[in-house]
Structures are given as structure tokens and as C-alpha cells.
>>> print(open('query_16.cif').read())   # mmCIF, C-alpha atoms
data_start
loop_
_atom_site.label_atom_id
_atom_site.label_comp_id
_atom_site.auth_asym_id
_atom_site.auth_seq_id
_atom_site.Cartn_x
_atom_site.Cartn_y
_atom_site.Cartn_z
CA MET A 45 20.54 22.53 -73.12
CA LYS A 46 17.04 24.00 -72.99
CA GLY A 47 16.69 27.47 -71.50
CA ASN A 48 14.10 28.63 -68.97
CA LEU A 49 11.93 30.76 -71.24
CA GLY A 50 8.54 31.93 -69.97
CA PHE A 51 5.69 33.37 -72.04
CA GLY A 52 4.67 36.76 -70.61
CA LEU A 53 1.05 37.47 -71.51
CA MET A 54 0.85 41.24 -71.01
CA ARG A 55 1.63 42.22 -74.62
CA LEU A 56 -0.37 39.68 -76.60
CA PRO A 57 -1.13 40.36 -80.29
CA ARG A 58 -4.13 42.57 -80.93
CA LYS A 59 -6.95 42.31 -83.43
CA GLY A 60 -9.23 45.31 -83.54
CA LEU A 61 -10.03 46.31 -79.96
CA GLY A 62 -9.27 42.89 -78.48
CA ILE A 63 -6.63 40.18 -78.31
CA ASP A 64 -5.96 38.08 -81.39
CA VAL A 65 -6.81 34.67 -79.91
CA LYS A 66 -6.05 32.81 -83.15
CA GLN A 67 -2.49 34.13 -83.33
CA THR A 68 -2.07 33.71 -79.57
CA SER A 69 -3.12 30.05 -79.94
CA GLU A 70 -0.49 29.54 -82.64
CA MET A 71 2.12 31.10 -80.37
CA VAL A 72 1.03 28.86 -77.48
CA ASP A 73 1.41 25.78 -79.68
CA ILE A 74 4.92 26.77 -80.81
CA PHE A 75 5.92 27.48 -77.21
CA LEU A 76 4.73 24.10 -75.92
CA GLU A 77 6.10 22.17 -78.91
CA SER A 78 9.50 23.72 -78.20
CA GLY A 79 9.44 22.21 -74.70
CA PHE A 80 8.54 25.30 -72.65
CA THR A 81 5.72 25.38 -70.11
CA TYR A 82 5.67 28.62 -68.03
CA PHE A 83 2.85 31.09 -68.82
CA ASP A 84 2.46 34.36 -66.90
CA THR A 85 -0.67 36.52 -66.80
CA ALA A 86 -2.32 38.81 -64.22
CA TYR A 87 -5.72 39.95 -62.98
CA VAL A 88 -4.98 43.48 -64.26
CA TYR A 89 -3.78 42.55 -67.77
CA PRO A 90 -6.85 43.51 -69.86
CA GLY A 91 -8.28 40.45 -71.60
CA SER A 92 -5.21 38.32 -70.93
CA GLU A 93 -6.73 35.75 -68.55
CA ASP A 94 -9.73 35.21 -70.84
CA ALA A 95 -7.47 34.90 -73.88
CA ILE A 96 -5.22 32.31 -72.27
CA ARG A 97 -8.27 30.23 -71.34
CA LYS A 98 -9.20 30.07 -75.03
CA ALA A 99 -5.67 29.72 -76.40
CA LEU A 100 -4.19 27.37 -73.79
CA VAL A 101 -6.46 25.96 -71.09
CA GLU A 102 -9.26 24.79 -73.39
CA ARG A 103 -6.82 23.35 -75.93
CA HIS A 104 -4.10 21.57 -73.95
CA PRO A 105 -3.99 19.08 -71.03
CA ARG A 106 -3.65 20.84 -67.66
CA GLU A 107 -0.53 18.86 -66.77
CA SER A 108 1.26 20.07 -69.93
CA TYR A 109 1.84 23.63 -68.70
CA THR A 110 2.31 25.79 -65.63
CA LEU A 111 0.28 28.97 -65.21
CA ALA A 112 1.04 32.04 -63.10
CA THR A 113 -1.23 34.97 -62.33
CA LYS A 114 -1.25 37.86 -59.87
CA LEU A 115 -3.32 39.71 -57.27
CA MET A 116 -3.01 43.51 -57.27
CA ALA A 117 -4.16 45.21 -54.09
CA ALA A 118 -3.89 48.70 -55.60
CA VAL A 119 -7.05 48.18 -57.66
CA ALA A 120 -9.10 46.80 -54.75
CA PRO A 121 -10.75 49.26 -52.32
CA THR A 122 -11.36 46.58 -49.67
CA GLU A 123 -9.76 43.42 -48.33
CA ALA A 124 -12.69 41.31 -49.51
CA LEU A 125 -12.44 42.63 -53.07
CA ALA A 126 -8.68 42.06 -53.11
CA LYS A 127 -9.13 38.43 -52.11
CA LYS A 128 -11.93 38.02 -54.65
CA GLU A 129 -9.40 38.59 -57.44
CA LEU A 130 -8.21 34.99 -57.06
CA GLN A 131 -11.68 33.57 -57.73
CA THR A 132 -12.14 35.93 -60.65
CA SER A 133 -8.82 34.78 -62.12
CA LEU A 134 -9.81 31.13 -61.67
CA LYS A 135 -13.09 31.79 -63.47
CA ARG A 136 -11.49 33.73 -66.30
CA THR A 137 -8.77 31.17 -66.96
CA GLY A 138 -10.70 28.00 -66.14
CA ALA A 139 -7.40 26.56 -64.97
CA GLY A 140 -8.69 24.95 -61.75
CA TYR A 141 -5.60 26.01 -59.84
CA PHE A 142 -2.51 28.16 -60.33
CA ASP A 143 0.97 26.71 -60.30
CA TYR A 144 2.38 30.12 -59.36
CA TYR A 145 0.50 32.99 -57.70
CA LEU A 146 1.96 36.40 -57.00
CA LEU A 147 1.17 39.45 -54.92
CA HIS A 148 1.59 41.99 -57.67
CA CYS A 149 3.83 45.02 -58.06
CA LEU A 150 5.00 45.59 -54.48
CA MET A 151 6.88 48.85 -53.98
CA ASN A 152 7.53 51.51 -51.37
CA ASN A 153 4.18 53.26 -51.65
CA ASN A 154 1.91 50.19 -51.56
CA TRP A 155 3.50 47.22 -49.75
CA LYS A 156 1.76 48.04 -46.46
CA ARG A 157 -1.59 47.63 -48.21
CA TYR A 158 -0.79 43.93 -48.67
CA GLU A 159 -0.15 43.70 -44.93
CA LYS A 160 -3.30 45.66 -44.08
CA PHE A 161 -5.45 43.36 -46.23
CA ASN A 162 -3.86 40.21 -44.71
CA LEU A 163 -2.92 39.00 -48.17
CA TRP A 164 0.21 37.14 -47.10
CA ASP A 165 -1.89 34.92 -44.85
CA PHE A 166 -4.49 34.62 -47.60
CA VAL A 167 -2.07 33.17 -50.17
CA ARG A 168 -0.63 30.80 -47.56
CA GLU A 169 -4.14 29.52 -46.82
CA GLU A 170 -4.90 29.08 -50.50
CA LYS A 171 -1.63 27.22 -50.97
CA ALA A 172 -2.60 24.86 -48.13
CA LYS A 173 -5.92 24.23 -49.93
CA GLY A 174 -4.13 23.44 -53.18
CA THR A 175 -5.61 26.37 -55.09
CA ILE A 176 -2.07 27.71 -55.36
CA LYS A 177 0.99 25.45 -55.74
CA HIS A 178 3.65 28.12 -55.15
CA TYR A 179 3.38 31.74 -54.06
CA GLY A 180 5.62 34.74 -54.47
CA PHE A 181 5.51 38.43 -55.33
CA SER A 182 6.57 40.79 -58.08
CA PHE A 183 8.70 43.68 -56.93
CA HIS A 184 9.54 47.20 -58.12
CA SER A 185 11.61 48.90 -55.43
CA GLY A 186 15.05 48.74 -53.85
CA PRO A 187 17.09 46.07 -52.08
CA ASP A 188 16.34 47.26 -48.53
CA LEU A 189 12.61 46.71 -48.87
CA LEU A 190 13.15 43.44 -50.73
CA ASP A 191 15.38 42.19 -47.90
CA GLN A 192 12.74 43.20 -45.35
CA LEU A 193 9.92 41.41 -47.20
CA LEU A 194 11.92 38.22 -47.66
CA THR A 195 12.96 38.30 -44.01
CA ASP A 196 9.37 38.83 -42.84
CA HIS A 197 8.00 36.17 -45.20
CA PRO A 198 10.64 33.44 -45.43
CA ASP A 199 8.19 30.88 -46.84
CA VAL A 200 7.90 32.78 -50.15
CA ASP A 201 8.72 30.31 -52.93
CA PHE A 202 10.02 32.78 -55.51
CA VAL A 203 10.24 36.47 -56.36
CA GLN A 204 9.70 38.23 -59.69
CA LEU A 205 12.21 40.99 -60.47
CA GLN A 206 12.94 43.40 -63.31
CA ILE A 207 16.33 42.36 -64.59
CA ASN A 208 18.03 43.23 -67.85
CA TYR A 209 21.51 44.24 -68.90
CA ALA A 210 20.57 47.93 -69.36
CA ASP A 211 19.14 48.17 -65.82
CA TRP A 212 21.79 45.99 -64.16
CA GLU A 213 23.46 48.96 -62.45
CA SER A 214 20.52 51.39 -62.71
CA LYS A 215 20.11 53.57 -59.62
CA SER A 216 16.32 53.45 -59.96
CA VAL A 217 15.71 49.81 -60.93
CA GLN A 218 18.75 48.34 -59.11
CA SER A 219 18.56 45.01 -60.92
CA ARG A 220 21.87 43.63 -59.67
CA LEU A 221 21.32 44.57 -56.04
CA ASN A 222 17.81 43.11 -55.99
CA TYR A 223 19.04 39.95 -57.67
CA GLU A 224 21.76 39.55 -55.05
CA VAL A 225 19.27 40.02 -52.18
CA ALA A 226 16.93 37.38 -53.59
CA ARG A 227 19.76 34.90 -54.03
CA LYS A 228 21.03 35.66 -50.50
CA HIS A 229 17.65 34.47 -49.25
CA GLY A 230 17.88 31.39 -51.46
CA LYS A 231 14.91 32.37 -53.62
CA GLN A 232 14.35 31.43 -57.22
CA ILE A 233 13.74 34.37 -59.52
CA VAL A 234 11.28 34.96 -62.32
CA VAL A 235 12.66 37.70 -64.56
CA MET A 236 10.33 40.36 -65.97
CA GLU A 237 11.26 43.00 -68.53
CA PRO A 238 14.38 41.19 -69.80
CA VAL A 239 13.99 43.12 -73.07
CA LYS A 240 12.88 46.28 -71.22
CA GLY A 241 9.46 46.64 -72.82
CA GLY A 242 10.95 45.83 -76.24
CA LYS A 243 13.65 48.50 -76.12
CA LEU A 244 16.49 46.00 -76.09
CA ALA A 245 15.08 44.27 -79.16
CA ASN A 246 15.95 47.45 -81.05
CA PRO A 247 18.83 49.07 -79.13
CA PRO A 248 20.79 52.16 -80.19
CA GLU A 249 22.94 51.80 -83.31
CA ALA A 250 26.13 51.87 -81.25
CA VAL A 251 24.95 48.83 -79.29
CA LYS A 252 23.86 47.02 -82.44
CA LYS A 253 27.33 47.51 -83.91
CA ILE A 254 28.99 45.98 -80.83
CA PHE A 255 26.70 42.94 -80.87
CA ASP A 256 26.95 42.43 -84.65
CA GLU A 257 30.73 42.34 -84.50
CA VAL A 258 30.66 39.55 -81.92
CA ASN A 259 27.67 37.48 -83.01
CA PRO A 260 26.42 38.58 -86.45
CA GLY A 261 22.93 37.39 -87.25
CA ALA A 262 21.81 36.97 -83.65
CA SER A 263 18.68 38.92 -82.78
CA TYR A 264 19.14 41.75 -80.32
CA ALA A 265 16.37 40.25 -78.18
CA SER A 266 18.44 37.08 -77.89
CA TRP A 267 21.31 39.06 -76.34
CA ALA A 268 18.97 40.46 -73.69
CA ILE A 269 17.24 37.19 -72.85
CA ARG A 270 20.45 35.14 -72.81
CA PHE A 271 22.01 37.68 -70.43
CA VAL A 272 19.45 37.01 -67.71
CA ALA A 273 19.05 33.31 -68.52
CA SER A 274 22.78 32.91 -67.86
CA LEU A 275 22.37 33.98 -64.21
CA ASP A 276 22.06 31.44 -61.40
CA GLY A 277 18.72 30.74 -59.74
CA ILE A 278 16.43 31.77 -62.60
CA LEU A 279 13.09 29.96 -62.60
CA ALA A 280 11.82 31.61 -65.79
CA VAL A 281 12.68 34.50 -68.09
CA LEU A 282 9.44 36.14 -69.18
CA SER A 283 9.43 37.37 -72.74
CA GLY A 284 6.35 39.43 -73.61
CA MET A 285 6.13 38.12 -77.17
CA SER A 286 3.55 39.87 -79.34
CA ASN A 287 3.56 37.89 -82.60
CA VAL A 288 4.54 34.56 -84.14
CA PRO A 289 7.95 35.70 -85.52
CA GLN A 290 9.00 36.84 -82.02
CA MET A 291 7.89 33.48 -80.62
CA ILE A 292 9.86 31.58 -83.27
CA ASP A 293 12.98 33.67 -82.61
CA ASN A 294 12.79 33.29 -78.81
CA THR A 295 12.09 29.56 -78.79
CA THR A 296 14.79 28.87 -81.39
CA PHE A 297 17.69 30.28 -79.39
CA MET A 298 16.31 29.19 -76.00
CA LYS A 299 15.59 25.54 -76.80
CA ASP A 300 19.27 25.20 -77.71
CA PHE A 301 20.37 27.62 -74.99
CA GLU A 302 24.00 28.51 -74.50
CA PRO A 303 25.08 30.82 -71.65
CA LEU A 304 27.00 33.94 -72.64
CA ASN A 305 30.66 33.30 -73.33
CA ASP A 306 33.49 35.61 -72.23
CA ARG A 307 33.53 37.57 -75.48
CA GLU A 308 29.76 38.10 -75.33
CA ARG A 309 29.98 39.23 -71.71
CA GLU A 310 32.55 41.84 -72.73
CA ALA A 311 30.15 43.07 -75.42
CA ILE A 312 27.37 43.36 -72.84
CA ILE A 313 29.61 45.47 -70.60
CA LYS A 314 30.28 47.84 -73.50
CA ALA A 315 26.54 48.04 -74.21
CA GLN A 316 25.83 48.78 -70.55
CA LYS A 317 28.25 51.68 -70.66
CA ILE A 318 26.46 53.16 -73.67
CA PHE A 319 23.06 52.87 -71.97
CA GLY A 320 24.50 54.37 -68.80
CA GLU A 321 25.63 57.49 -70.66
CA MET A 322 22.41 57.94 -72.63
CA PRO A 323 19.48 60.11 -71.48
CA GLU A 324 16.35 58.04 -71.20
CA ILE A 325 12.90 57.95 -69.65
CA PRO A 326 12.89 54.41 -68.20
CA CYS A 327 9.32 53.61 -69.31
CA THR A 328 8.54 49.96 -70.15
CA ALA A 329 5.08 50.71 -71.62
CA CYS A 330 3.17 48.75 -68.97
CA SER A 331 0.43 51.43 -69.32
CA TYR A 332 -0.54 51.38 -65.63
CA CYS A 333 -0.23 55.19 -65.77
CA THR A 334 -2.87 55.64 -68.46
CA LYS A 335 -5.75 53.76 -66.81
CA GLY A 336 -6.67 56.58 -64.41
CA CYS A 337 -5.38 59.60 -66.35
CA PRO A 338 -8.20 62.20 -66.32
CA LYS A 339 -6.90 63.65 -69.59
CA ASN A 340 -6.31 60.30 -71.35
CA ILE A 341 -2.74 61.29 -72.20
CA PRO A 342 -0.92 58.50 -74.11
CA ILE A 343 2.03 58.69 -71.73
CA PRO A 344 4.01 55.57 -72.83
CA ASP A 345 3.78 56.57 -76.51
CA ILE A 346 4.98 60.10 -75.76
CA PHE A 347 7.91 58.75 -73.76
CA ARG A 348 8.75 56.30 -76.55
CA ILE A 349 8.92 59.18 -79.04
CA MET A 350 11.05 61.25 -76.67
CA ASN A 351 13.48 58.38 -76.13
CA GLY A 352 13.63 57.87 -79.89
CA ARG A 353 14.56 61.51 -80.33
CA TRP A 354 17.45 61.16 -77.88
CA GLN A 355 18.69 57.98 -79.55
CA SER A 356 18.51 59.22 -83.12
CA GLY A 357 19.03 62.95 -82.61
CA ASN A 358 16.35 63.54 -85.25
CA ILE A 359 14.24 66.35 -83.81
CA GLU A 360 12.09 66.82 -86.93
CA SER A 361 11.12 63.14 -87.11
CA ALA A 362 10.23 62.99 -83.41
CA ALA A 363 8.17 66.19 -83.61
CA SER A 364 6.30 64.86 -86.64
CA GLU A 365 5.57 61.52 -84.94
CA TYR A 366 4.39 63.33 -81.81
CA LYS A 367 2.04 65.56 -83.84
CA ALA A 368 0.59 62.52 -85.59
CA LEU A 369 0.09 60.76 -82.24
CA ILE A 370 -1.82 63.48 -80.45
CA GLY A 371 -3.58 65.18 -83.37
CA ASP A 372 -6.01 67.60 -81.79
CA GLY A 373 -6.18 65.47 -78.64
CA ASN A 374 -4.44 65.56 -75.31
CA GLY A 375 -0.70 65.79 -75.57
CA ALA A 376 1.92 66.20 -72.86
CA SER A 377 0.85 69.81 -72.19
CA ALA A 378 -2.62 68.64 -71.10
CA CYS A 379 -1.23 67.20 -67.84
CA ILE A 380 -2.94 68.72 -64.78
CA LYS A 381 -0.32 67.33 -62.37
CA CYS A 382 -2.72 65.15 -60.39
CA ARG A 383 0.14 62.62 -60.15
CA GLN A 384 -2.12 59.55 -59.99
CA CYS A 385 0.19 58.13 -62.68
CA GLU A 386 3.23 58.49 -60.45
CA ASN A 387 1.55 56.56 -57.64
CA VAL A 388 1.23 53.44 -59.81
CA CYS A 389 4.36 53.65 -61.96
CA PRO A 390 6.55 50.57 -61.33
CA GLN A 391 9.58 52.45 -62.66
CA HIS A 392 9.09 55.38 -60.23
CA ILE A 393 9.27 57.88 -63.07
CA LYS A 394 8.53 61.52 -62.24
CA ILE A 395 5.97 61.50 -64.99
CA THR A 396 4.65 65.04 -64.61
CA GLU A 397 8.17 66.48 -64.87
CA GLU A 398 8.97 64.34 -67.90
CA LEU A 399 5.74 65.36 -69.61
CA GLU A 400 6.67 69.02 -69.14
CA LYS A 401 9.99 68.37 -70.91
CA CYS A 402 8.23 66.45 -73.69
CA ALA A 403 5.75 69.30 -74.16
CA GLU A 404 8.68 71.67 -74.67
CA ASP A 405 10.95 69.46 -76.76
CA LEU A 406 8.54 67.65 -79.07
CA VAL A 407 6.59 70.64 -80.35
CA LYS A 408 8.16 72.14 -83.45
CA ASP A 409 6.80 75.40 -84.79
#
>>> encode(input="query_16.cif", output="C-alpha cells")
Amino acid sequence: MKGNLGFGLMRLPRKGLGIDVKQTSEMVDIFLESGFTYFDTAYVYPGSEDAIRKALVERHPRESYTLATKLMAAVAPTEALAKKELQTSLKRTGAGYFDYYLLHCLMNNNWKRYEKFNLWDFVREEKAKGTIKHYGFSFHSGPDLLDQLLTDHPDVDFVQLQINYADWESKSVQSRLNYEVARKHGKQIVVMEPVKGGKLANPPEAVKKIFDEVNPGASYASWAIRFVASLDGILAVLSGMSNVPQMIDNTTFMKDFEPLNDREREAIIKAQKIFGEMPEIPCTACSYCTKGCPKNIPIPDIFRIMNGRWQSGNIESAASEYKALIGDGNGASACIKCRQCENVCPQHIKITEELEKCAEDLVKD
């Protein structure tokens, strides 16, 4: 049977300073030819809405695909500007309407802003007009708040959650608990970060060994995506594919989708145990933290290097990579602890504390 793969448009291929529209167009064609239709972008994904207009909307019949985008109140100083995001997204994409529209990145420190700006009523009104076919929200907090939001807004059509096998029992992400709350309310789920910002496409060697023994030749990304696609109630599994080979791999195993069997589930449990025992900064490289950093610190790249050091144990290699990254620029020690990054981090990482540790551990005399 065909799986429910979605094309996440946050990590599109780059060419120079912009998005590689030619390669994106090729990826779009492969995706559609494989029988998949769900595309996911957002107002705050730099260049993404414009790129998908060129790669998809201007090249394929509107009825051949479904398009989702998102409204983010955190970047709007007023209610009027927040609501204007929808019209801007319509203009950028040229789509005419959105099949799925989301209130973006709700969490403990910002959900009241969506209430204050009357955005729940706004999306309902736009749905009644036909500008939006279905509305939902993406979520980055715990099950109590999720239960409250779904109770207060029972007409929500779907919810977008971070779910992957590494975060299934995570105390910060709480993938399983959030999934169970959404299903209790009868909501369909769009899965984000199934490969955890690419980390599960290249897991630790111990995890690779477990997977290779059970299903040699299968890509590690396929393990991650099939895990979430095997759950009940999944509307789409968003894979943030960044090049044609990734698209070919994802569409190949998802167009002939097979849910995990018992032996594969046992392998996943073993992998979860390894991740649970491993130190890690749970960064998914969304880069929300870098947009307002007064010191322009490349936070996701620093965290990637630090996580690589923990996984490999190679201090010299990590220190060398860190030195090459920052050069004479702003490294982890440049942080002035303004904490603007922590206010927008969907993973709720204590970024200033982690940067202090990185400044100590990644500098080799």
C-alpha cells in the first residue's frame, strides 16, 4: 500500500544564497509521480513559499496537490499584521487557497498570543470563506496544554506534532503522550521531525548495527519514517528532503509502504534505549534561534558539532570542526545571555547554558 508521505519545505536545496528552484522542481515532479500530494511550507520559512510557487503551483494543476502553510504570531507585533500573513502567503504561493492552514508553533510561552489576537476565530472565518479548507495548529509543548487547546477548540481538523522514535519517551518532547492526547480527541496528526532534523538519517553506530542486522540495505531514514507512518491516525509524515537522492529514497519505500513488523519494532525499542542513555542537545536545526541573535552565533551548527563529539568520542575532530566553523567570528563564548533564542526554541533548550558547555568543551588548546 502507499504510505502517507508529505514533503516538508523547510530544508529545500540551496544554490548560492537562495533556494535551488530547478532541483526543487525535479523533487516536486518525483513526489507527485510517486502518487504523493501533501506539501508543507510556512510564512516564516525563508524563500520557501516563493520557491514552491515556481516549482509546484506554476507547473502543476491545482487539483493535483494539497498545500499547507502556517501563521506565526510570534513574528507579528499586532493582530492586524498577524492576520495579514495569510494574504502574504497567498500572494507568495499563488495557490488561490490553502488545503491546510496552521497556527504555527504553539507552546507554553506564546499560546495566549493566539488568543489575544483572535486568531482562532480568524481561521474559522477564513475556512467559512473557502480560503482555507482545513485548519489546525503545530505544537511544541506538553500533553496538558495540548489537551486544553483541543478541548477549547474542538473544531480543529488536525494537529501537527513532533514524533519520532528517539523522542517517543522524551521528557521534553513527550511524543507518545502528545500523540495519545490528539488521538483521544479524535484528531488526525501531521508528523513533523520524523527524522529529527536529519539526525536519525545518520544515527549512532550502535543503532546502525541493530538496524543493519534486521534489515540490511534499508536506509536509516526509512526506519524513522516507517516508525511514525505505522501509527494510527496519521494524515501525513513530513520529510524535510533536501536533495533528489533523499526524495528518491523516501518515495521508493513509502509508495510500497509496509508497517513495521514485530522484529523491526524490537529493533526500534533497542535503538530507543541507546538514544535514552546518550547525552544530547535536542536541537533539530530549525534555526529560529539564530534570526534574532545579536551576536550572530551559529547555534545549530555548534550544537551539531557538540552532539557529534558525544556520539563519536573524538574530541580532536570536534574541536577542529568547531574552530573551522567560527574562525575569528562569534563562537559559543560570545553569548551575552539575552535569551531571546530560548523564547523561540520549539525544543525548549536552555541554549545559554548549553553554549557555555560548548565554549568549554569544544576549545582545544
>>> closest_residue(input="query_16.cif", among="A:Tyr158, A:Trp212, A:Tyr223, A:Tyr89", to="Arg136 in chain A", atoms="only C-alpha atoms")
A:Tyr89
>>> resolve_selection(input="query_16.cif", expression="the PyMOL selection byres ((chain A and resi 146) around 12)", output="MDAnalysis selection string")
chainID A and resid 84:87 111:117 129:130 142:145 147:150 158 163:164 166:168 170:171 176:183 200:205 234
>>> resolve_selection(input="query_16.cif", expression="the PyMOL selection byres ((chain A and resi 390-403) around 8)", output="JSON, numbers by chain")
{"A": [149, 151, 184, 185, 216, 217, 325, 326, 327, 328, 343, 346, 347, 350, 375, 376, 377, 379, 381, 383, 385, 386, 388, 389, 404, 405, 406, 407]}
>>> closest_residue(input="query_16.cif", among="A:Ser214, A:Thr137, A:Thr122, A:Ser361", to="Arg157 in chain A", atoms="all atoms listed in the file")
A:Thr122
>>> residues_near_point(input="query_16.cif", point="(11.6, 44.8, -71.9)", cutoff="10 Å", atoms="all atoms listed in the file", output="list of chain:residue names")
A:Gln206, A:Ile207, A:Asn208, A:Ala210, A:Met236, A:Glu237, A:Pro238, A:Val239, A:Lys240, A:Gly241, A:Gly242, A:Lys243, A:Leu244, A:Ala245, A:Ala265, A:Ala268, A:Ile269, A:Leu282, A:Ser283, A:Gly284, A:Cys327, A:Thr328, A:Ala329, A:Cys330
>>> resolve_selection(input="query_16.cif", expression="the PyMOL selection byres ((chain A and resi 315) around 12)", output="ChimeraX atom specification")
/A:208-212,244,247-256,264,267-268,271,308-314,316-322
>>> atom_distance(input="query_16.cif", atom1="CA of Ser69 in chain A", atom2="CA of Arg106 in chain A")
15.4 Å
>>> closest_residue(input="query_16.cif", among="A:Ser266, A:Val258, A:Gly91, A:Gly277", to="His229 in chain A", atoms="all atoms listed in the file")
A:Gly277
>>> atom_distance(input="query_16.cif", atom1="CA of Leu194 in chain A", atom2="CA of Ala226 in chain A")
7.8 Å
>>> residues_around(input="query_16.cif", residues="Phe51 in chain A", least_positions_apart="4", cutoff="12 Å", atoms="only C-alpha atoms", output="ChimeraX atom specification")
/A:55-56,68,71-76,80-85,96,100,109-112,234-238,280-287,290-291,294-295
>>> build_atoms(input="query_16.cif", residues="range 92-110 of chain A", atoms="N, CA and C atoms", output="PDB file, in the coordinates of the input")
ATOM      1  N   SER A  92      -6.243  39.356 -70.855  1.00  0.00           N
ATOM      2  CA  SER A  92      -5.210  38.320 -70.930  1.00  0.00           C
ATOM      3  C   SER A  92      -5.674  36.984 -70.349  1.00  0.00           C
ATOM      4  N   GLU A  93      -6.316  37.011 -69.177  1.00  0.00           N
ATOM      5  CA  GLU A  93      -6.730  35.750 -68.550  1.00  0.00           C
ATOM      6  C   GLU A  93      -7.804  35.043 -69.384  1.00  0.00           C
ATOM      7  N   ASP A  94      -8.721  35.807 -69.959  1.00  0.00           N
ATOM      8  CA  ASP A  94      -9.730  35.210 -70.840  1.00  0.00           C
ATOM      9  C   ASP A  94      -9.074  34.624 -72.089  1.00  0.00           C
ATOM     10  N   ALA A  95      -8.124  35.351 -72.649  1.00  0.00           N
ATOM     11  CA  ALA A  95      -7.470  34.900 -73.880  1.00  0.00           C
ATOM     12  C   ALA A  95      -6.688  33.610 -73.653  1.00  0.00           C
ATOM     13  N   ILE A  96      -6.032  33.505 -72.496  1.00  0.00           N
ATOM     14  CA  ILE A  96      -5.220  32.310 -72.270  1.00  0.00           C
ATOM     15  C   ILE A  96      -6.109  31.101 -71.963  1.00  0.00           C
ATOM     16  N   ARG A  97      -7.325  31.341 -71.472  1.00  0.00           N
ATOM     17  CA  ARG A  97      -8.270  30.230 -71.340  1.00  0.00           C
ATOM     18  C   ARG A  97      -8.576  29.641 -72.719  1.00  0.00           C
ATOM     19  N   LYS A  98      -8.843  30.523 -73.683  1.00  0.00           N
ATOM     20  CA  LYS A  98      -9.200  30.070 -75.030  1.00  0.00           C
ATOM     21  C   LYS A  98      -8.002  29.490 -75.780  1.00  0.00           C
ATOM     22  N   ALA A  99      -6.836  30.118 -75.615  1.00  0.00           N
ATOM     23  CA  ALA A  99      -5.670  29.720 -76.400  1.00  0.00           C
ATOM     24  C   ALA A  99      -4.892  28.557 -75.793  1.00  0.00           C
ATOM     25  N   LEU A 100      -4.989  28.384 -74.476  1.00  0.00           N
ATOM     26  CA  LEU A 100      -4.190  27.370 -73.790  1.00  0.00           C
ATOM     27  C   LEU A 100      -5.045  26.372 -73.019  1.00  0.00           C
ATOM     28  N   VAL A 101      -5.791  26.844 -72.034  1.00  0.00           N
ATOM     29  CA  VAL A 101      -6.460  25.960 -71.090  1.00  0.00           C
ATOM     30  C   VAL A 101      -7.475  25.047 -71.767  1.00  0.00           C
ATOM     31  N   GLU A 102      -8.237  25.589 -72.718  1.00  0.00           N
ATOM     32  CA  GLU A 102      -9.260  24.790 -73.390  1.00  0.00           C
ATOM     33  C   GLU A 102      -8.707  23.929 -74.505  1.00  0.00           C
ATOM     34  N   ARG A 103      -7.399  24.057 -74.783  1.00  0.00           N
ATOM     35  CA  ARG A 103      -6.820  23.350 -75.930  1.00  0.00           C
ATOM     36  C   ARG A 103      -5.717  22.372 -75.570  1.00  0.00           C
ATOM     37  N   HIS A 104      -5.232  22.424 -74.326  1.00  0.00           N
ATOM     38  CA  HIS A 104      -4.100  21.570 -73.950  1.00  0.00           C
ATOM     39  C   HIS A 104      -4.342  20.949 -72.571  1.00  0.00           C
ATOM     40  N   PRO A 105      -3.827  19.731 -72.333  1.00  0.00           N
ATOM     41  CA  PRO A 105      -3.990  19.080 -71.030  1.00  0.00           C
ATOM     42  C   PRO A 105      -3.399  19.946 -69.908  1.00  0.00           C
ATOM     43  N   ARG A 106      -4.085  19.981 -68.766  1.00  0.00           N
ATOM     44  CA  ARG A 106      -3.650  20.840 -67.660  1.00  0.00           C
ATOM     45  C   ARG A 106      -2.251  20.499 -67.191  1.00  0.00           C
ATOM     46  N   GLU A 107      -1.854  19.248 -67.267  1.00  0.00           N
ATOM     47  CA  GLU A 107      -0.530  18.860 -66.770  1.00  0.00           C
ATOM     48  C   GLU A 107       0.596  19.236 -67.742  1.00  0.00           C
ATOM     49  N   SER A 108       0.236  19.779 -68.920  1.00  0.00           N
ATOM     50  CA  SER A 108       1.260  20.070 -69.930  1.00  0.00           C
ATOM     51  C   SER A 108       1.853  21.468 -69.793  1.00  0.00           C
ATOM     52  N   TYR A 109       1.360  22.267 -68.848  1.00  0.00           N
ATOM     53  CA  TYR A 109       1.840  23.630 -68.700  1.00  0.00           C
ATOM     54  C   TYR A 109       1.743  24.065 -67.251  1.00  0.00           C
ATOM     55  N   THR A 110       2.448  25.136 -66.936  1.00  0.00           N
ATOM     56  CA  THR A 110       2.310  25.790 -65.630  1.00  0.00           C
ATOM     57  C   THR A 110       1.836  27.216 -65.870  1.00  0.00           C
TER      58      THR A 110
END
